[in-house]
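Participant: Below is the file my_file.pdb, with PDB, C-alpha atoms.
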```
ATOM      1  CA  MET A   1     -11.571 -41.434  45.148
ATOM      2  CA  HIS A   2     -11.223 -42.398  41.520
ATOM      3  CA  HIS A   3      -8.057 -42.454  39.489
ATOM      4  CA  LEU A   4      -7.837 -42.251  35.777
ATOM      5  CA  LEU A   5      -4.794 -43.813  34.190
ATOM      6  CA  LEU A   6      -3.969 -42.439  30.758
ATOM      7  CA  PRO A   7      -1.287 -43.960  28.590
ATOM      8  CA  PHE A   8       1.520 -41.492  27.718
ATOM      9  CA  CYS A   9       1.714 -40.968  23.997
ATOM     10  CA  CYS A  10       4.324 -38.795  22.384
ATOM     11  CA  GLN A  11       3.360 -37.942  18.819
ATOM     12  CA  GLN A  12       6.397 -35.852  17.990
ATOM     13  CA  GLU A  13       9.944 -35.654  19.163
ATOM     14  CA  VAL A  14      10.633 -32.720  21.448
ATOM     15  CA  SER A  15      13.633 -30.726  20.292
ATOM     16  CA  MET A  16      16.234 -29.968  22.877
ATOM     17  CA  ALA A  17      18.026 -27.550  20.572
ATOM     18  CA  ARG A  18      20.131 -24.934  22.219
ATOM     19  CA  LYS A  19      18.494 -21.500  22.100
ATOM     20  CA  THR A  20      21.633 -19.577  22.979
ATOM     21  CA  LYS A  21      23.784 -18.639  20.008
ATOM     22  CA  ILE A  22      27.538 -18.315  20.046
ATOM     23  CA  VAL A  23      28.854 -15.344  18.072
ATOM     24  CA  CYS A  24      32.554 -15.398  17.220
ATOM     25  CA  THR A  25      34.419 -12.359  15.922
ATOM     26  CA  LEU A  26      36.873 -13.699  13.379
ATOM     27  CA  GLY A  27      40.458 -12.503  13.470
ATOM     28  CA  PRO A  28      43.749 -13.553  11.900
ATOM     29  CA  SER A  29      44.415 -16.259  14.504
ATOM     30  CA  CYS A  30      41.404 -18.292  13.327
ATOM     31  CA  TRP A  31      41.255 -17.545   9.591
ATOM     32  CA  SER A  32      42.811 -20.872   8.576
ATOM     33  CA  GLU A  33      40.582 -23.815   7.675
ATOM     34  CA  GLN A  34      41.694 -25.530  10.887
ATOM     35  CA  GLY A  35      40.932 -22.449  12.987
ATOM     36  CA  LEU A  36      37.476 -22.073  11.446
ATOM     37  CA  SER A  37      36.826 -25.797  11.872
ATOM     38  CA  ASP A  38      37.776 -25.552  15.547
ATOM     39  CA  LEU A  39      35.301 -22.688  16.063
ATOM     40  CA  ILE A  40      32.498 -24.679  14.443
ATOM     41  CA  ASP A  41      33.371 -27.714  16.588
ATOM     42  CA  ALA A  42      33.279 -25.474  19.675
ATOM     43  CA  GLY A  43      29.698 -24.451  18.821
ATOM     44  CA  MET A  44      29.980 -21.256  16.777
ATOM     45  CA  ASN A  45      26.601 -20.290  15.271
ATOM     46  CA  VAL A  46      27.411 -16.814  13.969
ATOM     47  CA  ALA A  47      30.664 -15.630  12.411
ATOM     48  CA  ARG A  48      31.154 -11.875  12.871
ATOM     49  CA  PHE A  49      33.315 -10.048  10.340
ATOM     50  CA  ASN A  50      34.632  -6.726  11.662
ATOM     51  CA  PHE A  51      34.957  -4.413   8.666
ATOM     52  CA  SER A  52      36.668  -1.753  10.795
ATOM     53  CA  HIS A  53      39.800  -3.806  10.204
ATOM     54  CA  GLY A  54      41.082  -5.469   7.066
ATOM     55  CA  GLU A  55      40.095  -5.210   3.438
ATOM     56  CA  HIS A  56      36.898  -6.415   1.786
ATOM     57  CA  ALA A  57      38.845  -8.875  -0.381
ATOM     58  CA  GLY A  58      40.454 -10.434   2.700
ATOM     59  CA  HIS A  59      37.082 -10.831   4.426
ATOM     60  CA  LYS A  60      35.682 -12.444   1.264
ATOM     61  CA  GLU A  61      38.511 -15.017   1.285
ATOM     62  CA  VAL A  62      37.743 -15.917   4.919
ATOM     63  CA  LEU A  63      34.008 -16.093   4.166
ATOM     64  CA  ASP A  64      34.609 -18.454   1.236
ATOM     65  CA  ARG A  65      36.911 -20.585   3.406
ATOM     66  CA  LEU A  66      34.320 -20.685   6.213
ATOM     67  CA  ARG A  67      31.539 -21.681   3.826
ATOM     68  CA  LYS A  68      33.702 -24.527   2.518
ATOM     69  CA  VAL A  69      34.548 -25.784   6.021
ATOM     70  CA  ALA A  70      30.936 -25.494   7.248
ATOM     71  CA  ALA A  71      29.601 -27.327   4.176
ATOM     72  CA  GLY A  72      32.146 -30.091   4.706
ATOM     73  CA  LYS A  73      30.878 -30.547   8.256
ATOM     74  CA  GLY A  74      27.204 -30.241   7.289
ATOM     75  CA  ASN A  75      26.807 -27.168   9.531
ATOM     76  CA  TYR A  76      24.885 -23.984   8.908
ATOM     77  CA  ILE A  77      26.605 -20.807  10.031
ATOM     78  CA  SER A  78      25.097 -17.321  10.077
ATOM     79  CA  TYR A  79      27.243 -14.362   9.113
ATOM     80  CA  ALA A  80      27.254 -10.920  10.726
ATOM     81  CA  LEU A  81      28.967  -8.176   8.785
ATOM     82  CA  ASP A  82      29.865  -5.365  11.170
ATOM     83  CA  THR A  83      30.466  -2.488   8.804
ATOM     84  CA  LYS A  84      32.340   0.526  10.015
ATOM     85  CA  GLY A  85      30.572   3.830  10.343
ATOM     86  CA  PRO A  86      31.908   7.207   9.369
ATOM     87  CA  GLU A  87      35.310   8.018  10.768
ATOM     88  CA  ILE A  88      35.472  11.602  11.913
ATOM     89  CA  ARG A  89      38.990  12.643  12.818
ATOM     90  CA  THR A  90      40.251  15.672  14.677
ATOM     91  CA  ALA A  91      42.899  17.787  13.016
ATOM     92  CA  MET A  92      46.352  18.164  14.498
ATOM     93  CA  ILE A  93      47.147  20.915  17.003
ATOM     94  CA  LYS A  94      49.570  23.725  16.153
ATOM     95  CA  GLY A  95      53.155  22.757  16.811
ATOM     96  CA  GLY A  96      52.124  19.163  17.586
ATOM     97  CA  GLY A  97      50.922  20.284  21.000
ATOM     98  CA  THR A  98      47.754  19.638  22.954
ATOM     99  CA  ILE A  99      44.733  21.653  23.988
ATOM    100  CA  ASP A 100      43.646  21.168  27.577
ATOM    101  CA  LEU A 101      39.892  21.748  27.539
ATOM    102  CA  LYS A 102      38.137  22.885  30.690
ATOM    103  CA  ALA A 103      34.470  22.484  31.607
ATOM    104  CA  GLY A 104      32.519  25.423  30.237
ATOM    105  CA  GLN A 105      35.294  26.536  27.891
ATOM    106  CA  GLU A 106      34.102  27.879  24.567
ATOM    107  CA  VAL A 107      35.109  25.722  21.612
ATOM    108  CA  ILE A 108      34.856  26.523  17.936
ATOM    109  CA  VAL A 109      34.593  23.441  15.729
ATOM    110  CA  VAL A 110      35.692  23.912  12.117
ATOM    111  CA  ALA A 111      34.530  21.329   9.563
ATOM    112  CA  VAL A 112      37.719  21.373   7.488
ATOM    113  CA  GLY A 113      36.929  18.224   5.503
ATOM    114  CA  PRO A 114      38.726  14.967   4.782
ATOM    115  CA  ASP A 115      41.237  16.490   2.379
ATOM    116  CA  GLN A 116      42.304  19.351   4.657
ATOM    117  CA  TYR A 117      42.248  18.032   8.219
ATOM    118  CA  THR A 118      45.740  16.522   7.945
ATOM    119  CA  GLN A 119      47.224  19.954   7.129
ATOM    120  CA  TRP A 120      44.889  22.116   9.236
ATOM    121  CA  GLU A 121      46.008  22.857  12.804
ATOM    122  CA  GLY A 122      43.875  23.621  15.822
ATOM    123  CA  TYR A 123      44.824  26.247  18.382
ATOM    124  CA  VAL A 124      43.642  28.322  21.338
ATOM    125  CA  GLU A 125      42.856  31.994  20.740
ATOM    126  CA  GLU A 126      45.147  33.927  23.066
ATOM    127  CA  ASP A 127      42.774  36.861  23.586
ATOM    128  CA  THR A 128      39.569  34.871  24.271
ATOM    129  CA  GLY A 129      40.864  31.462  25.400
ATOM    130  CA  ARG A 130      38.532  29.766  22.908
ATOM    131  CA  ALA A 131      39.748  26.465  21.541
ATOM    132  CA  VAL A 132      39.523  26.064  17.763
ATOM    133  CA  ILE A 133      39.378  22.417  16.687
ATOM    134  CA  GLY A 134      39.219  21.057  13.135
ATOM    135  CA  LEU A 135      37.244  17.947  12.169
ATOM    136  CA  SER A 136      37.470  15.817   9.030
ATOM    137  CA  TYR A 137      33.685  15.746   8.451
ATOM    138  CA  ASP A 138      33.029  18.584   6.005
ATOM    139  CA  LYS A 139      29.213  18.284   6.176
ATOM    140  CA  LEU A 140      29.049  18.674   9.959
ATOM    141  CA  CYS A 141      27.480  22.136   9.768
ATOM    142  CA  GLN A 142      24.604  20.771   7.674
ATOM    143  CA  TYR A 143      23.555  18.385  10.444
ATOM    144  CA  VAL A 144      24.079  20.186  13.741
ATOM    145  CA  LYS A 145      22.099  23.021  15.248
ATOM    146  CA  PRO A 146      22.012  24.818  18.589
ATOM    147  CA  GLY A 147      20.941  22.386  21.292
ATOM    148  CA  ASN A 148      22.761  19.407  19.721
ATOM    149  CA  THR A 149      25.700  17.665  21.349
ATOM    150  CA  ILE A 150      28.907  16.675  19.562
ATOM    151  CA  LEU A 151      30.860  13.802  21.089
ATOM    152  CA  LEU A 152      34.586  13.535  20.432
ATOM    153  CA  SER A 153      37.179  10.955  21.406
ATOM    154  CA  ASP A 154      34.695   8.091  21.856
ATOM    155  CA  GLY A 155      32.416  10.322  23.923
ATOM    156  CA  THR A 156      34.999  11.431  26.465
ATOM    157  CA  ILE A 157      34.673  15.030  25.224
ATOM    158  CA  THR A 158      31.201  16.546  24.998
ATOM    159  CA  ILE A 159      30.591  19.788  23.135
ATOM    160  CA  ASP A 160      27.168  21.409  23.407
ATOM    161  CA  VAL A 161      26.286  23.406  20.297
ATOM    162  CA  SER A 162      25.124  26.792  21.544
ATOM    163  CA  GLY A 163      26.087  29.331  18.915
ATOM    164  CA  PRO A 164      25.433  29.812  15.252
ATOM    165  CA  VAL A 165      26.290  27.028  12.840
ATOM    166  CA  ILE A 166      27.917  28.613   9.816
TER     167      ILE A 166
END
```
How does this structure look as structure tokens?
Facilitator:
Amino acid sequence: MHHLLLPFCCQQEVSMARKTKIVCTLGPSCWSEQGLSDLIDAGMNVARFNFSHGEHAGHKEVLDRLRKVAAGKGNYISYALDTKGPEIRTAMIKGGGTIDLKAGQEVIVVAVGPDQYTQWEGYVEEDTGRAVIGLSYDKLCQYVKPGNTILLSDGTITIDVSGPVI
């Protein structure tokens, strides 16, 4: 049996860099320079700005502050801007009441638009039992067709489009 002994030679340093990234959603409790510094020290790689809350100018101030703190520490931070999507709101119900929907109940959705949905009031037709609900998205009828599904209330209400879209 023969053995070959080879000297170990390392020509380049092997990086042991962490592959997992830490994403931190920034909120008011960490917007100060100290708060941002603490997040960087704790390992933050990505700062997430949630544009569903706050104003653009306020987010810009935090971004500028974060860039200053990161530069002072010699760290590189990535930024994720989570922009809000369209907000489609349901109109109020007549008399401030509620509509108790039942499985299989017919529902008429009226695209009343963003300027009218705060004054428009939904109701239930007494003779047919159909619920009539107003939505703030005035272009809804341009995008739905029979066979589509409309989700309301974060998906807890599902309406299958079966009739004509007017």
Participant: List the spatial neighbours of Gln116 in chain A as a VMD selection string - criterion: any atom at most 12 Å away, all atoms listed in the file, same-chain residues fewer than 6 positions off excluded.
Facilitator: chain A and resid 89 to 92 110 134 to 138
Participant: For C-alpha atoms, I'd like the residues from the last selection saved as a JSON list (two decimals), in the coordinates of the input.
Facilitator:
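This went into result.json:
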```
[["chain", "number", "residue", "atom", "x", "y", "z"],
["A", 89, "ARG", "CA", 38.99, 12.64, 12.82],
["A", 90, "THR", "CA", 40.25, 15.67, 14.68],
["A", 91, "ALA", "CA", 42.90, 17.79, 13.02],
["A", 92, "MET", "CA", 46.35, 18.16, 14.50],
["A", 110, "VAL", "CA", 35.69, 23.91, 12.12],
["A", 134, "GLY", "CA", 39.22, 21.06, 13.14],
["A", 135, "LEU", "CA", 37.24, 17.95, 12.17],
["A", 136, "SER", "CA", 37.47, 15.82, 9.03],
["A", 137, "TYR", "CA", 33.68, 15.75, 8.45],
["A", 138, "ASP", "CA", 33.03, 18.58, 6.00]]
```
Participant: Which value, in Å to one decimal, gives the distance between CA of Leu36 in chain A and CA of Thr83 in chain A?
Facilitator: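 These two atoms are separated by 21.0 Å.
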Participant: List the neighbours of Gly96 in chain A out to 10 Å using all atoms listed in the file; skip same-chain residues closer than 2 positions along the sequence, and give me the result as a PyMOL selection string.
Facilitator: chain A and resi 92-94+98+121-122
Participant: Rounded to one decimal in Å, what is the spacing between CA of Thr118 in chain A and CA of His59 in chain A?
Facilitator: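 Between these atoms lies a distance of 28.9 Å.
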Participant: List, as a list in words, every residue that the PyMOL selection byres ((chain A and resi 65) around 12) selects in the file provided.
Facilitator: Cys30, Trp31, Ser32, Glu33, Gln34, Gly35, Leu36, Ser37, Gly58, His59, Lys60, Glu61, Val62, Leu63, Asp64, Leu66, Arg67, Lys68, Val69, Ala70, Ala71 and Gly72 of chain A
Participant: Using C-alpha atoms, can you write the selected residues to a file as a compact mmCIF listing (two decimals), in the frame of the given file?
Facilitator:
```
# COMPACT_ATOMS: atom_id res chain seq x y z
CA CYS A 30 41.40 -18.29 13.33
CA TRP A 31 41.26 -17.55 9.59
CA SER A 32 42.81 -20.87 8.58
CA GLU A 33 40.58 -23.82 7.68
CA GLN A 34 41.69 -25.53 10.89
CA GLY A 35 40.93 -22.45 12.99
CA LEU A 36 37.48 -22.07 11.45
CA SER A 37 36.83 -25.80 11.87
CA GLY A 58 40.45 -10.43 2.70
CA HIS A 59 37.08 -10.83 4.43
CA LYS A 60 35.68 -12.44 1.26
CA GLU A 61 38.51 -15.02 1.28
CA VAL A 62 37.74 -15.92 4.92
CA LEU A 63 34.01 -16.09 4.17
CA ASP A 64 34.61 -18.45 1.24
CA LEU A 66 34.32 -20.68 6.21
CA ARG A 67 31.54 -21.68 3.83
CA LYS A 68 33.70 -24.53 2.52
CA VAL A 69 34.55 -25.78 6.02
CA ALA A 70 30.94 -25.49 7.25
CA ALA A 71 29.60 -27.33 4.18
CA GLY A 72 32.15 -30.09 4.71
```
Participant: Kindly indicate which residue among A:Val107, A:Leu140, A:Ala47, A:Ala131 lies nearest to Ile159 in chain A, using only C-alpha atoms for the distances.
Facilitator: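 Comparing A:Val107, A:Leu140, A:Ala47, A:Ala131 against Ile159 in chain A, the winner is A:Val107.
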Participant: With all atoms listed in the file as the basis for distance, which of A:Val46, A:Leu101, A:Ile150, A:Ile133 is at the shortest distance from Tyr117 in chain A?
Facilitator: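 Of A:Val46, A:Leu101, A:Ile150, A:Ile133, the one nearest Tyr117 in chain A, counting all atoms listed in the file, is A:Ile133.
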Participant: Translate the PyMOL selection byres ((chain A and resi 162) around 8) into a concrete residue list for this structure, as a VMD selection string.
Facilitator: chain A and resid 145 to 148 160 to 161 163 to 164
Participant: What is the CA of Phe51 in chain A to CA of Leu81 in chain A distance in Å?
Facilitator: 7.1 Å
Participant: Output the residue selection produced by the PyMOL selection byres ((chain A and resi 166) around 9) on the file above, formatted as a VMD selection string.
Facilitator: chain A and resid 141 to 142 164 to 165
Participant: Compare A:Val144, A:Ala57, A:Thr128, A:Ala80 by their minimum atom-to-atom distance to Ala111 in chain A, counting all atoms listed in the file, and give me the closest one.
Facilitator: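 Result for the nearest residue to Ala111 in chain A: A:Val144.
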Participant: Could you give me the axis-aligned bounding box of range 64-71 of chain A, with 3 Å of padding per side, as centre plus edge lengths in Å to one decimal, as AutoDock Vina command-line options?
Facilitator:
```
--center_x 33.3 --center_y -22.9 --center_z 4.2 --size_x 13.3 --size_y 14.9 --size_z 12.0
```
Participant: Using all atoms listed in the file for the distances, tell me which of A:His53, A:Pro114, A:Glu87, A:Gln105 is nearest to Val132 in chain A.
Facilitator: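 Answer, going by the shortest atom-to-atom distance: A:Gln105.
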Participant: Using only C-alpha atoms, pick whichever of A:Lys19, A:Gly43, A:Val109, A:Lys102 has the shortest atom-to-atom distance to Leu151 in chain A.
Facilitator: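 Once distances to Leu151 in chain A are computed over only C-alpha atoms, the minimum belongs to A:Val109.
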